[in-house]
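J.: Contents of entry_22.cif (mmCIF, C-alpha atoms and all ligand atoms):
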```
data_model
loop_
_atom_site.group_PDB
_atom_site.id
_atom_site.type_symbol
_atom_site.label_atom_id
_atom_site.label_comp_id
_atom_site.auth_asym_id
_atom_site.auth_seq_id
_atom_site.Cartn_x
_atom_site.Cartn_y
_atom_site.Cartn_z
ATOM 1 C CA MET A 1 0.000 0.000 0.000
ATOM 2 C CA SER A 2 1.263 3.496 -0.720
ATOM 3 C CA GLU A 3 1.754 5.819 2.223
ATOM 4 C CA SER A 4 -1.772 7.184 1.982
ATOM 5 C CA LEU A 5 -2.024 8.134 5.658
ATOM 6 C CA THR A 6 1.084 10.308 5.952
ATOM 7 C CA GLY A 7 0.490 13.143 8.432
ATOM 8 C CA LYS A 8 -2.555 11.446 9.981
ATOM 9 C CA VAL A 9 -2.883 10.573 13.659
ATOM 10 C CA ALA A 10 -4.625 7.316 14.592
ATOM 11 C CA VAL A 11 -5.832 6.032 17.963
ATOM 12 C CA VAL A 12 -6.441 2.290 18.419
ATOM 13 C CA THR A 13 -8.117 0.694 21.461
ATOM 14 C CA GLY A 14 -7.502 -2.870 22.603
ATOM 15 C CA ALA A 15 -4.116 -3.017 20.842
ATOM 16 C CA GLY A 16 -2.072 -4.741 23.551
ATOM 17 C CA ARG A 17 -2.069 -8.381 22.495
ATOM 18 C CA PRO A 18 0.615 -9.451 20.023
ATOM 19 C CA ARG A 19 -1.772 -11.681 17.978
ATOM 20 C CA GLY A 20 -4.675 -9.253 18.165
ATOM 21 C CA ILE A 21 -6.527 -7.308 15.490
ATOM 22 C CA GLY A 22 -5.785 -4.029 17.311
ATOM 23 C CA ARG A 23 -2.038 -4.564 17.149
ATOM 24 C CA ALA A 24 -2.209 -5.655 13.492
ATOM 25 C CA ALA A 25 -4.280 -2.609 12.561
ATOM 26 C CA ALA A 26 -1.890 -0.278 14.406
ATOM 27 C CA ILE A 27 1.005 -1.697 12.393
ATOM 28 C CA GLU A 28 -0.873 -1.437 9.070
ATOM 29 C CA LEU A 29 -1.936 2.147 9.850
ATOM 30 C CA ALA A 30 1.720 3.006 10.566
ATOM 31 C CA ARG A 31 2.840 1.185 7.413
ATOM 32 C CA ALA A 32 0.425 3.414 5.485
ATOM 33 C CA GLY A 33 2.084 6.486 7.003
ATOM 34 C CA ALA A 34 0.078 7.349 10.139
ATOM 35 C CA ASP A 35 1.420 8.177 13.583
ATOM 36 C CA VAL A 36 -0.320 5.742 15.903
ATOM 37 C CA VAL A 37 -1.384 5.842 19.551
ATOM 38 C CA VAL A 38 -1.999 2.362 20.938
ATOM 39 C CA THR A 39 -4.089 1.751 24.043
ATOM 40 C CA ASP A 40 -5.273 -1.247 26.033
ATOM 41 C CA LEU A 41 -6.437 -2.221 29.489
ATOM 42 C CA ALA A 42 -2.960 -3.338 30.723
ATOM 43 C CA ARG A 43 -4.167 -4.688 34.058
ATOM 44 C CA PRO A 44 -5.679 -7.951 35.216
ATOM 45 C CA GLY A 45 -9.280 -8.431 34.114
ATOM 46 C CA PRO A 46 -11.776 -11.274 33.930
ATOM 47 C CA ARG A 47 -10.581 -14.774 33.001
ATOM 48 C CA VAL A 48 -12.629 -17.406 31.214
ATOM 49 C CA ALA A 49 -11.665 -21.065 31.283
ATOM 50 C CA GLY A 50 -8.580 -19.833 33.199
ATOM 51 C CA ILE A 51 -7.425 -17.710 30.241
ATOM 52 C CA PRO A 52 -7.104 -13.894 30.615
ATOM 53 C CA THR A 53 -9.660 -12.084 28.460
ATOM 54 C CA VAL A 54 -7.580 -8.899 28.442
ATOM 55 C CA ALA A 55 -4.052 -7.625 27.913
ATOM 56 C CA GLU A 56 -2.697 -7.672 31.463
ATOM 57 C CA ASP A 57 0.440 -5.544 31.173
ATOM 58 C CA GLU A 58 1.954 -2.774 29.070
ATOM 59 C CA GLU A 59 4.569 -4.950 27.383
ATOM 60 C CA GLY A 60 2.436 -5.615 24.289
ATOM 61 C CA LEU A 61 1.698 -1.921 23.893
ATOM 62 C CA GLN A 62 5.380 -0.994 24.186
ATOM 63 C CA ASP A 63 6.293 -3.649 21.596
ATOM 64 C CA ALA A 64 3.734 -2.123 19.233
ATOM 65 C CA VAL A 65 5.292 1.319 19.747
ATOM 66 C CA THR A 66 8.758 -0.078 18.989
ATOM 67 C CA GLU A 67 7.444 -1.581 15.736
ATOM 68 C CA ILE A 68 5.635 1.632 14.763
ATOM 69 C CA GLU A 69 8.780 3.685 15.431
ATOM 70 C CA SER A 70 10.906 1.238 13.437
ATOM 71 C CA MET A 71 8.827 2.311 10.403
ATOM 72 C CA GLY A 72 9.770 5.949 11.006
ATOM 73 C CA ARG A 73 6.389 6.962 12.508
ATOM 74 C CA ARG A 74 5.592 8.371 15.905
ATOM 75 C CA GLY A 75 4.074 5.883 18.306
ATOM 76 C CA LYS A 76 2.826 6.214 21.853
ATOM 77 C CA ALA A 77 1.227 3.822 24.327
ATOM 78 C CA PHE A 78 -1.391 4.641 26.935
ATOM 79 C CA PRO A 79 -2.988 2.136 29.307
ATOM 80 C CA LEU A 80 -6.721 2.722 28.910
ATOM 81 C CA ASP A 81 -9.887 1.036 30.107
ATOM 82 C CA VAL A 82 -12.470 2.171 27.555
ATOM 83 C CA THR A 83 -15.287 1.752 30.093
ATOM 84 C CA ALA A 84 -13.865 4.608 32.233
ATOM 85 C CA GLU A 85 -15.013 7.795 30.544
ATOM 86 C CA ALA A 86 -12.789 10.141 32.570
ATOM 87 C CA ASP A 87 -9.731 8.090 31.549
ATOM 88 C CA VAL A 88 -10.798 8.167 27.889
ATOM 89 C CA VAL A 89 -11.103 11.955 28.040
ATOM 90 C CA GLU A 90 -7.693 12.259 29.726
ATOM 91 C CA VAL A 91 -5.960 10.064 27.129
ATOM 92 C CA ILE A 92 -7.533 11.906 24.192
ATOM 93 C CA ASP A 93 -6.525 15.235 25.791
ATOM 94 C CA ARG A 94 -2.948 13.968 25.984
ATOM 95 C CA VAL A 95 -3.060 12.806 22.370
ATOM 96 C CA GLN A 96 -4.334 16.237 21.373
ATOM 97 C CA ALA A 97 -1.512 17.920 23.326
ATOM 98 C CA GLU A 98 1.244 15.634 21.997
ATOM 99 C CA PHE A 99 0.063 14.900 18.440
ATOM 100 C CA GLY A 100 -2.088 17.945 17.677
ATOM 101 C CA GLY A 101 -5.352 16.073 16.996
ATOM 102 C CA VAL A 102 -6.931 12.791 15.923
ATOM 103 C CA ASP A 103 -7.862 11.810 12.340
ATOM 104 C CA ILE A 104 -8.546 8.077 12.723
ATOM 105 C CA LEU A 105 -10.172 6.200 15.597
ATOM 106 C CA PHE A 106 -10.219 2.398 15.521
ATOM 107 C CA ASN A 107 -12.559 1.203 18.277
ATOM 108 C CA ASN A 108 -11.347 -2.352 18.632
ATOM 109 C CA ALA A 109 -11.499 -3.282 22.357
ATOM 110 C CA GLY A 110 -13.701 -6.308 22.902
ATOM 111 C CA THR A 111 -14.546 -8.971 25.431
ATOM 112 C CA PRO A 112 -15.775 -12.562 25.180
ATOM 113 C CA VAL A 113 -17.340 -12.549 28.688
ATOM 114 C CA GLY A 114 -20.802 -12.538 27.085
ATOM 115 C CA VAL A 115 -20.374 -16.019 25.643
ATOM 116 C CA LYS A 116 -22.248 -18.521 27.831
ATOM 117 C CA PRO A 117 -25.537 -20.425 27.749
ATOM 118 C CA PHE A 118 -28.291 -17.781 27.962
ATOM 119 C CA LEU A 119 -29.739 -18.968 31.282
ATOM 120 C CA GLU A 120 -26.269 -18.874 32.905
ATOM 121 C CA LEU A 121 -25.302 -15.470 31.555
ATOM 122 C CA ASP A 122 -25.371 -13.131 34.579
ATOM 123 C CA ASN A 123 -26.036 -9.403 34.620
ATOM 124 C CA GLU A 124 -22.372 -8.681 35.248
ATOM 125 C CA ALA A 125 -21.405 -10.281 31.923
ATOM 126 C CA TRP A 126 -24.247 -8.449 30.152
ATOM 127 C CA ASP A 127 -23.134 -5.140 31.724
ATOM 128 C CA LEU A 128 -19.462 -5.606 30.867
ATOM 129 C CA SER A 129 -20.283 -6.594 27.271
ATOM 130 C CA TRP A 130 -22.411 -3.466 26.896
ATOM 131 C CA LYS A 131 -19.830 -1.219 28.553
ATOM 132 C CA VAL A 132 -16.842 -2.455 26.533
ATOM 133 C CA HIS A 133 -18.544 -2.874 23.145
ATOM 134 C CA VAL A 134 -20.951 0.053 23.165
ATOM 135 C CA MET A 135 -20.240 2.631 25.868
ATOM 136 C CA GLY A 136 -16.476 2.383 25.238
ATOM 137 C CA MET A 137 -17.156 3.415 21.633
ATOM 138 C CA VAL A 138 -19.522 6.156 22.783
ATOM 139 C CA TYR A 139 -16.861 7.595 25.136
ATOM 140 C CA THR A 140 -14.025 7.532 22.592
ATOM 141 C CA SER A 141 -16.247 8.901 19.805
ATOM 142 C CA ARG A 142 -17.553 11.697 22.046
ATOM 143 C CA ALA A 143 -13.967 12.637 22.911
ATOM 144 C CA VAL A 144 -12.543 12.620 19.352
ATOM 145 C CA ILE A 145 -15.416 14.007 17.257
ATOM 146 C CA PRO A 146 -14.823 17.640 18.328
ATOM 147 C CA LEU A 147 -11.125 17.201 17.415
ATOM 148 C CA MET A 148 -12.023 15.676 14.047
ATOM 149 C CA ARG A 149 -14.412 18.541 13.389
ATOM 150 C CA GLU A 150 -11.584 21.014 14.083
ATOM 151 C CA ARG A 151 -9.474 19.229 11.457
ATOM 152 C CA GLY A 152 -12.301 19.210 8.908
ATOM 153 C CA GLY A 153 -13.075 15.485 9.127
ATOM 154 C CA GLY A 154 -11.959 12.060 10.225
ATOM 155 C CA VAL A 155 -12.768 8.361 10.224
ATOM 156 C CA ILE A 156 -14.216 6.203 12.997
ATOM 157 C CA ILE A 157 -13.911 2.456 12.406
ATOM 158 C CA ASN A 158 -15.799 0.275 14.874
ATOM 159 C CA ASN A 159 -14.949 -3.375 15.276
ATOM 160 C CA SER A 160 -18.243 -5.247 15.370
ATOM 161 C CA SER A 161 -18.143 -8.882 14.225
ATOM 162 C CA ALA A 162 -19.863 -11.318 11.898
ATOM 163 C CA SER A 163 -21.873 -11.778 15.118
ATOM 164 C CA GLY A 164 -23.053 -8.187 14.650
ATOM 165 C CA LEU A 165 -25.009 -9.340 11.597
ATOM 166 C CA ARG A 166 -26.135 -12.817 12.543
ATOM 167 C CA ALA A 167 -26.287 -15.010 15.678
ATOM 168 C CA LEU A 168 -24.332 -17.876 17.156
ATOM 169 C CA PRO A 169 -25.980 -20.101 19.770
ATOM 170 C CA GLY A 170 -24.762 -19.196 23.266
ATOM 171 C CA TYR A 171 -23.417 -15.799 22.234
ATOM 172 C CA ALA A 172 -26.328 -13.681 23.506
ATOM 173 C CA ALA A 173 -24.517 -10.767 25.183
ATOM 174 C CA TYR A 174 -21.718 -10.749 22.606
ATOM 175 C CA THR A 175 -24.170 -10.877 19.703
ATOM 176 C CA ALA A 176 -26.622 -8.296 21.052
ATOM 177 C CA THR A 177 -23.884 -5.772 21.843
ATOM 178 C CA LYS A 178 -22.091 -6.335 18.523
ATOM 179 C CA HIS A 179 -25.427 -5.700 16.747
ATOM 180 C CA ALA A 180 -25.616 -2.463 18.767
ATOM 181 C CA VAL A 181 -22.179 -1.435 17.448
ATOM 182 C CA ILE A 182 -23.620 -1.479 13.922
ATOM 183 C CA GLY A 183 -26.557 0.714 14.947
ATOM 184 C CA LEU A 184 -24.233 3.140 16.725
ATOM 185 C CA THR A 185 -21.937 3.312 13.687
ATOM 186 C CA LYS A 186 -24.823 4.066 11.322
ATOM 187 C CA THR A 187 -25.959 6.882 13.601
ATOM 188 C CA LEU A 188 -22.463 8.389 13.833
ATOM 189 C CA ALA A 189 -22.232 8.287 10.028
ATOM 190 C CA LEU A 190 -25.555 10.118 9.701
ATOM 191 C CA ASP A 191 -24.979 12.670 12.450
ATOM 192 C CA PHE A 192 -21.414 13.659 11.551
ATOM 193 C CA GLY A 193 -21.180 13.117 7.789
ATOM 194 C CA VAL A 194 -21.846 16.835 7.442
ATOM 195 C CA ASP A 195 -18.575 17.435 9.326
ATOM 196 C CA GLY A 196 -16.605 15.234 6.927
ATOM 197 C CA ILE A 197 -16.506 12.384 9.434
ATOM 198 C CA ARG A 198 -17.008 8.844 8.116
ATOM 199 C CA ALA A 199 -18.027 5.952 10.361
ATOM 200 C CA VAL A 200 -17.772 2.296 9.329
ATOM 201 C CA SER A 201 -18.262 -1.044 11.105
ATOM 202 C CA ILE A 202 -16.078 -4.009 10.313
ATOM 203 C CA CYS A 203 -17.407 -7.517 10.821
ATOM 204 C CA PRO A 204 -14.570 -10.042 11.005
ATOM 205 C CA GLY A 205 -15.339 -13.758 10.840
ATOM 206 C CA ASP A 206 -13.094 -16.391 12.423
ATOM 207 C CA ILE A 207 -9.722 -14.706 12.928
ATOM 208 C CA ASP A 208 -6.671 -16.361 14.455
ATOM 209 C CA THR A 209 -6.335 -14.395 17.736
ATOM 210 C CA ASP A 210 -6.367 -15.010 21.487
ATOM 211 C CA MET A 211 -10.080 -14.210 21.539
ATOM 212 C CA THR A 212 -10.871 -16.984 19.084
ATOM 213 C CA ASP A 213 -8.944 -19.418 21.269
ATOM 214 C CA LEU A 214 -10.998 -18.151 24.200
ATOM 215 C CA GLY A 215 -14.189 -18.662 22.202
ATOM 216 C CA MET A 216 -13.137 -22.246 21.514
ATOM 217 C CA ALA A 217 -12.303 -22.833 25.210
ATOM 218 C CA LEU A 218 -15.774 -21.504 26.089
ATOM 219 C CA ALA A 219 -17.397 -23.751 23.496
ATOM 220 C CA VAL A 220 -15.614 -26.764 24.997
ATOM 221 C CA GLU A 221 -16.529 -25.744 28.563
ATOM 222 C CA HIS A 222 -20.141 -24.724 28.040
ATOM 223 C CA PHE A 223 -21.415 -26.229 24.823
ATOM 224 C CA GLY A 224 -19.828 -29.674 24.784
ATOM 225 C CA VAL A 225 -17.767 -29.039 21.648
ATOM 226 C CA ASP A 226 -15.145 -31.775 21.258
ATOM 227 C CA PRO A 227 -11.772 -30.154 20.412
ATOM 228 C CA ASP A 228 -10.603 -33.422 18.801
ATOM 229 C CA GLN A 229 -13.488 -33.214 16.318
ATOM 230 C CA GLN A 230 -13.510 -29.467 15.713
ATOM 231 C CA GLU A 231 -10.328 -27.393 15.749
ATOM 232 C CA SER A 232 -12.016 -24.013 15.503
ATOM 233 C CA LEU A 233 -15.274 -22.329 16.507
ATOM 234 C CA ALA A 234 -16.291 -22.057 12.864
ATOM 235 C CA PRO A 235 -15.437 -25.474 11.369
ATOM 236 C CA ILE A 236 -13.048 -24.807 8.491
ATOM 237 C CA ASP A 237 -15.366 -26.409 5.925
ATOM 238 C CA THR A 238 -17.992 -23.737 6.719
ATOM 239 C CA ILE A 239 -15.576 -21.059 5.468
ATOM 240 C CA ALA A 240 -15.441 -20.820 1.669
ATOM 241 C CA LEU A 241 -11.733 -19.909 1.713
ATOM 242 C CA ARG A 242 -11.144 -22.980 3.961
ATOM 243 C CA ARG A 243 -8.994 -21.189 6.535
ATOM 244 C CA ARG A 244 -9.204 -18.784 9.447
ATOM 245 C CA GLY A 245 -8.287 -15.188 8.745
ATOM 246 C CA GLN A 246 -5.134 -13.556 10.063
ATOM 247 C CA ALA A 247 -5.234 -10.365 12.128
ATOM 248 C CA SER A 248 -3.083 -8.643 9.496
ATOM 249 C CA GLU A 249 -5.829 -9.267 6.905
ATOM 250 C CA ILE A 250 -8.199 -7.254 9.065
ATOM 251 C CA GLY A 251 -5.532 -4.618 9.769
ATOM 252 C CA LYS A 252 -5.035 -4.014 6.047
ATOM 253 C CA VAL A 253 -8.759 -3.416 5.542
ATOM 254 C CA VAL A 254 -8.760 -0.991 8.489
ATOM 255 C CA ALA A 255 -5.870 0.963 6.926
ATOM 256 C CA TRP A 256 -7.711 1.085 3.593
ATOM 257 C CA LEU A 257 -10.984 2.195 5.225
ATOM 258 C CA ALA A 258 -9.030 4.980 6.956
ATOM 259 C CA SER A 259 -7.565 6.176 3.660
ATOM 260 C CA ASP A 260 -8.928 8.449 0.939
ATOM 261 C CA GLY A 261 -9.369 5.321 -1.178
ATOM 262 C CA ALA A 262 -12.492 4.772 0.946
ATOM 263 C CA SER A 263 -13.579 8.427 0.876
ATOM 264 C CA TYR A 264 -17.201 7.571 -0.089
ATOM 265 C CA VAL A 265 -17.543 4.616 2.286
ATOM 266 C CA SER A 266 -19.568 5.476 5.383
ATOM 267 C CA GLY A 267 -22.340 4.021 7.525
ATOM 268 C CA ASN A 268 -21.946 0.465 6.248
ATOM 269 C CA SER A 269 -20.823 -2.798 7.809
ATOM 270 C CA MET A 270 -18.039 -4.645 6.054
ATOM 271 C CA LEU A 271 -17.916 -8.418 6.444
ATOM 272 C CA ILE A 272 -14.317 -9.695 6.372
ATOM 273 C CA ASP A 273 -14.869 -13.413 6.813
ATOM 274 C CA GLY A 274 -13.511 -15.391 3.864
ATOM 275 C CA ALA A 275 -17.154 -16.075 2.923
ATOM 276 C CA LEU A 276 -18.241 -17.735 6.136
ATOM 277 C CA MET A 277 -21.223 -19.569 4.783
ATOM 278 C CA GLU A 278 -23.753 -18.781 7.502
ATOM 279 C CA GLY A 279 -22.857 -15.100 7.130
ATOM 280 C CA ILE A 280 -23.728 -14.704 3.474
HETATM 281 N N1 LIG B 301 -10.985 -12.940 16.660
HETATM 282 C C1 LIG B 301 -12.103 -12.966 15.965
HETATM 283 O O1 LIG B 301 -12.421 -13.976 15.303
HETATM 284 C C2 LIG B 301 -13.021 -11.772 15.964
HETATM 285 C C3 LIG B 301 -14.119 -11.838 15.099
HETATM 286 C C4 LIG B 301 -14.983 -10.759 15.064
HETATM 287 C C5 LIG B 301 -14.747 -9.650 15.847
HETATM 288 N N2 LIG B 301 -13.677 -9.617 16.689
HETATM 289 C C6 LIG B 301 -13.494 -8.421 17.492
HETATM 290 O O2 LIG B 301 -12.203 -7.917 17.257
HETATM 291 C C7 LIG B 301 -11.794 -7.152 18.386
HETATM 292 C C8 LIG B 301 -10.387 -7.559 18.764
HETATM 293 O O3 LIG B 301 -10.400 -8.907 19.196
HETATM 294 P P1 LIG B 301 -9.196 -9.919 18.957
HETATM 295 O O4 LIG B 301 -9.780 -11.124 18.351
HETATM 296 O O5 LIG B 301 -8.071 -9.240 18.311
HETATM 297 O O6 LIG B 301 -8.834 -10.359 20.450
HETATM 298 P P2 LIG B 301 -7.866 -9.692 21.523
HETATM 299 O O7 LIG B 301 -8.182 -10.336 22.816
HETATM 300 O O8 LIG B 301 -6.470 -9.713 21.039
HETATM 301 O O9 LIG B 301 -8.334 -8.163 21.537
HETATM 302 C C9 LIG B 301 -9.291 -7.625 22.409
HETATM 303 C C10 LIG B 301 -8.597 -6.551 23.192
HETATM 304 O O10 LIG B 301 -9.582 -5.771 23.886
HETATM 305 C C11 LIG B 301 -9.011 -5.423 25.097
HETATM 306 N N3 LIG B 301 -10.017 -5.020 26.090
HETATM 307 C C12 LIG B 301 -10.924 -5.787 26.712
HETATM 308 N N4 LIG B 301 -11.609 -5.054 27.612
HETATM 309 C C13 LIG B 301 -11.113 -3.788 27.519
HETATM 310 C C14 LIG B 301 -11.400 -2.575 28.174
HETATM 311 N N5 LIG B 301 -12.340 -2.489 29.124
HETATM 312 N N6 LIG B 301 -10.695 -1.463 27.835
HETATM 313 C C15 LIG B 301 -9.739 -1.528 26.879
HETATM 314 N N7 LIG B 301 -9.403 -2.656 26.222
HETATM 315 C C16 LIG B 301 -10.095 -3.765 26.555
HETATM 316 C C17 LIG B 301 -8.252 -6.672 25.559
HETATM 317 O O11 LIG B 301 -7.274 -6.354 26.535
HETATM 318 C C18 LIG B 301 -7.665 -7.159 24.244
HETATM 319 O O12 LIG B 301 -6.351 -6.682 24.033
HETATM 320 C C19 LIG B 301 -12.835 -7.404 19.471
HETATM 321 O O13 LIG B 301 -13.737 -6.322 19.536
HETATM 322 C C20 LIG B 301 -13.531 -8.658 18.982
HETATM 323 O O14 LIG B 301 -14.842 -8.742 19.475
HETATM 324 C C21 LIG B 301 -12.801 -10.661 16.756
#
```
As structure tokens, what does this structure read like?

T.:
Amino acid sequence: MSESLTGKVAVVTGAGRPRGIGRAAAIELARAGADVVVTDLARPGPRVAGIPTVAEDEEGLQDAVTEIESMGRRGKAFPLDVTAEADVVEVIDRVQAEFGGVDILFNNAGTPVGVKPFLELDNEAWDLSWKVHVMGMVYTSRAVIPLMRERGGGVIINNSSASGLRALPGYAAYTATKHAVIGLTKTLALDFGVDGIRAVSICPGDIDTDMTDLGMALAVEHFGVDPDQQESLAPIDTIALRRRGQASEIGKVVAWLASDGASYVSGNSMLIDGALMEGI
């Protein structure tokens, strides 16, 4: 890709895990020329099946900064819990002070805590799913939109999921809140298009990240899936391309959506799933 994002400043949430979509997108945004601020929780959070659902330390963020800087861009890491509005405001204020504004926001933070049989899914898991997937995006969008307006426009890319367009059994809180991301994105596109701000949802399918491994562990624990019979949550023969996606394949789409190549793309939801058959 040419350096179509030179001079742009991007903020990415949930970018702390080395195999994650957030990290991959941060690298692709930098490769396309942007300076990139990476953020993530960076403290212990909920575990499922004994596996941490969150980035627990700042190491992953610092590694991302090192990689961004190795490409000649500016990088910066901030620990950030997207459910804490005051912290979101503080981080965006610091980005404004140090980078002069924000042009690209990739709302990527996500949690699998809402994956459980419906009758066992407690209010805490519903609340956390809503707070991370929806209110986190509300807080970051509310903080950056005035800055984007000052710069004459910007792009907000919200990471929904194929589960934002369809349903998987046992995914109630994940599915409902990822559907809400698509509604929120459409509204942002309508309300702020007049300011030159585009808003787009992406809907990845089965991508090879820690969260997919968590999803599989949950399926084994709660839904009786036999890992010897099924290696992945979406059996490979249900994906037309016959493989899981890589985080970098999502990151490249994010960098394109952020670029002028996508200047007339707004309000829609882009499936990136290798033609996952149930999703078509
Ligand atoms: N992996 C897939 O197949 C897939 C498919 C569709 C959508 N997604 C979405 O992609 C996004 C990234 O997921 P991933 O697969 O790269 O997994 P991941 O676990 O690497 O990324 C999720 C990140 O969100 C962070 N996070 C969780 N709670 C947070 C909070 N309160 N504040 C800030 N950060 C928080 C975690 O620390 C983690 O780094 C998520 O929104 C996920 O729902 C993933």

J.: Sorted by chain and rising residue number, list the residues of chain A at most 6 Å from ligand LIG 301 (chain B) (counting all atoms listed in the file), each with its closest atom pair and distance in Å to one decimal, as CSV.

T.:
```
residue,atom,partner,partner_atom,distance
A:Thr13,CA,B:LIG301,N7,6.0
A:Gly14,CA,B:LIG301,O10,3.8
A:Ala15,CA,B:LIG301,O12,5.3
A:Gly16,CA,B:LIG301,O12,4.7
A:Arg17,CA,B:LIG301,O8,4.8
A:Arg19,CA,B:LIG301,O8,5.9
A:Gly20,CA,B:LIG301,O5,3.4
A:Ile21,CA,B:LIG301,O5,3.8
A:Gly22,CA,B:LIG301,O5,5.8
A:Asp40,CA,B:LIG301,N7,4.4
A:Leu41,CA,B:LIG301,C15,4.3
A:Val54,CA,B:LIG301,O11,3.2
A:Ala55,CA,B:LIG301,O11,3.7
A:Leu80,CA,B:LIG301,C15,5.6
A:Asp81,CA,B:LIG301,N6,3.5
A:Val82,CA,B:LIG301,N6,4.1
A:Thr83,CA,B:LIG301,N5,5.3
A:Asn108,CA,B:LIG301,O13,4.7
A:Ala109,CA,B:LIG301,O10,3.5
A:Gly110,CA,B:LIG301,O13,3.4
A:Thr111,CA,B:LIG301,C12,5.0
A:Val132,CA,B:LIG301,N5,5.2
A:Asn159,CA,B:LIG301,O13,5.3
A:Ser160,CA,B:LIG301,C5,5.6
A:Ser161,CA,B:LIG301,C4,3.8
A:Ala162,CA,B:LIG301,C4,5.8
A:Cys203,CA,B:LIG301,C4,5.9
A:Pro204,CA,B:LIG301,C4,4.1
A:Gly205,CA,B:LIG301,C3,4.8
A:Asp206,CA,B:LIG301,O1,3.8
A:Ile207,CA,B:LIG301,O1,3.7
A:Asp208,CA,B:LIG301,N1,5.9
A:Thr209,CA,B:LIG301,O4,4.8
A:Asp210,CA,B:LIG301,O7,5.2
A:Met211,CA,B:LIG301,O6,4.2
A:Thr212,CA,B:LIG301,N1,4.7
```

J.: Identify all residues satisfying the PyMOL selection byres (((chain A and resi 100) around 12) and not hetatm) in the given file; provide them as a list of chain:residue names.

T.: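 Matching residues under the PyMOL selection byres (((chain A and resi 100) around 12) and not hetatm) are A:Gly7, A:Lys8, A:Val9, A:Ala10, A:Asp35, A:Ile92, A:Asp93, A:Arg94, A:Val95, A:Gln96, A:Ala97, A:Glu98, A:Phe99, A:Gly101, A:Val102, A:Asp103, A:Val144, A:Leu147, A:Met148, A:Glu150, A:Arg151.
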
J.: Can you pull out every residue within 7 Å of range 197-202 of chain A, counting only C-alpha atoms, but drop anything in the same chain fewer than 6 positions away, and send it as an MDAnalysis selection string?

T.: chainID A and resid 153:161 182 185 188:189 266:271

J.: What residues come out when you apply the PyMOL selection byres (((chain A and resi 61) around 9) and not hetatm) to this file, written as a PDB file with C-alpha atoms, in the frame of the given file?

T.:
```pdb
ATOM      1  CA  ALA A  15      -4.116  -3.017  20.842  1.00  0.00           C
ATOM      2  CA  GLY A  16      -2.072  -4.741  23.551  1.00  0.00           C
ATOM      3  CA  ARG A  17      -2.069  -8.381  22.495  1.00  0.00           C
ATOM      4  CA  PRO A  18       0.615  -9.451  20.023  1.00  0.00           C
ATOM      5  CA  ARG A  23      -2.038  -4.564  17.149  1.00  0.00           C
ATOM      6  CA  VAL A  38      -1.999   2.362  20.938  1.00  0.00           C
ATOM      7  CA  THR A  39      -4.089   1.751  24.043  1.00  0.00           C
ATOM      8  CA  ASP A  40      -5.273  -1.247  26.033  1.00  0.00           C
ATOM      9  CA  ALA A  42      -2.960  -3.338  30.723  1.00  0.00           C
ATOM     10  CA  ASP A  57       0.440  -5.544  31.173  1.00  0.00           C
ATOM     11  CA  GLU A  58       1.954  -2.774  29.070  1.00  0.00           C
ATOM     12  CA  GLU A  59       4.569  -4.950  27.383  1.00  0.00           C
ATOM     13  CA  GLY A  60       2.436  -5.615  24.289  1.00  0.00           C
ATOM     14  CA  GLN A  62       5.380  -0.994  24.186  1.00  0.00           C
ATOM     15  CA  ASP A  63       6.293  -3.649  21.596  1.00  0.00           C
ATOM     16  CA  ALA A  64       3.734  -2.123  19.233  1.00  0.00           C
ATOM     17  CA  VAL A  65       5.292   1.319  19.747  1.00  0.00           C
ATOM     18  CA  THR A  66       8.758  -0.078  18.989  1.00  0.00           C
ATOM     19  CA  LYS A  76       2.826   6.214  21.853  1.00  0.00           C
ATOM     20  CA  ALA A  77       1.227   3.822  24.327  1.00  0.00           C
ATOM     21  CA  PHE A  78      -1.391   4.641  26.935  1.00  0.00           C
ATOM     22  CA  PRO A  79      -2.988   2.136  29.307  1.00  0.00           C
TER      23      PRO A  79
END
```

J.: Go through A:Gly114, A:Gly183, A:Pro46, A:Gly193 one by one, measure the shortest atom-to-atom distance of each to Pro169 in chain A using only C-alpha atoms, and give the residue with the smallest value.

T.: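 Looking only at the distances to Pro169 in chain A, the closest residue turns out to be A:Gly114.
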
J.: Return the padded bounding box of range 235-242 of chain A as JSON: axis-aligned, built from all atoms listed in the file, 8 Å added on each side, with centre and edge lengths in Å to one decimal.

T.:
```
{"center_x": -14.6, "center_y": -23.2, "center_z": 6.5, "size_x": 22.8, "size_y": 22.5, "size_z": 25.7}
```

J.: So how many Å separate CA of Pro112 in chain A and CA of Ala219 in chain A, to one decimal?

T.: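 Calculated distance between CA of Pro112 in chain A and CA of Ala219 in chain A is 11.4 Å.
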
J.: Which residue is closest to Phe106 in chain A? Choose from A:Leu241, A:Lys186, A:Leu29, A:Gly75 and count only C-alpha atoms.

T.: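 Counting only C-alpha atoms, the residue closest to Phe106 in chain A is A:Leu29.
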
J.: Determine the nearest neighbour of Gly33 in chain A from the options A:Gly45, A:Pro52, A:Gly72, A:Gly261, counting all atoms listed in the file.

T.: A:Gly72

J.: Can you tell me how far CA of Ala84 in chain A sits from CA of Trp256 in chain A, in Å to one decimal?

T.: 29.5 Å

J.: Quick one: pull the distance between CA of Ser232 in chain A and CA of Ala172 in chain A, Å, one decimal.

T.: 19.4 Å

J.: I'd like to know which of A:Glu249, A:Glu67, A:Asp228, A:Glu85 is closest to Ser141 in chain A, using all atoms listed in the file.

T.: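 For Ser141 in chain A, the nearest of the candidates is A:Glu85.
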
J.: Using all atoms listed in the file, pick whichever of A:Ile104, A:Val48, A:Leu276, A:Ala30 has the shortest atom-to-atom distance to Arg73 in chain A.

T.: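 Closest candidate: A:Ala30.
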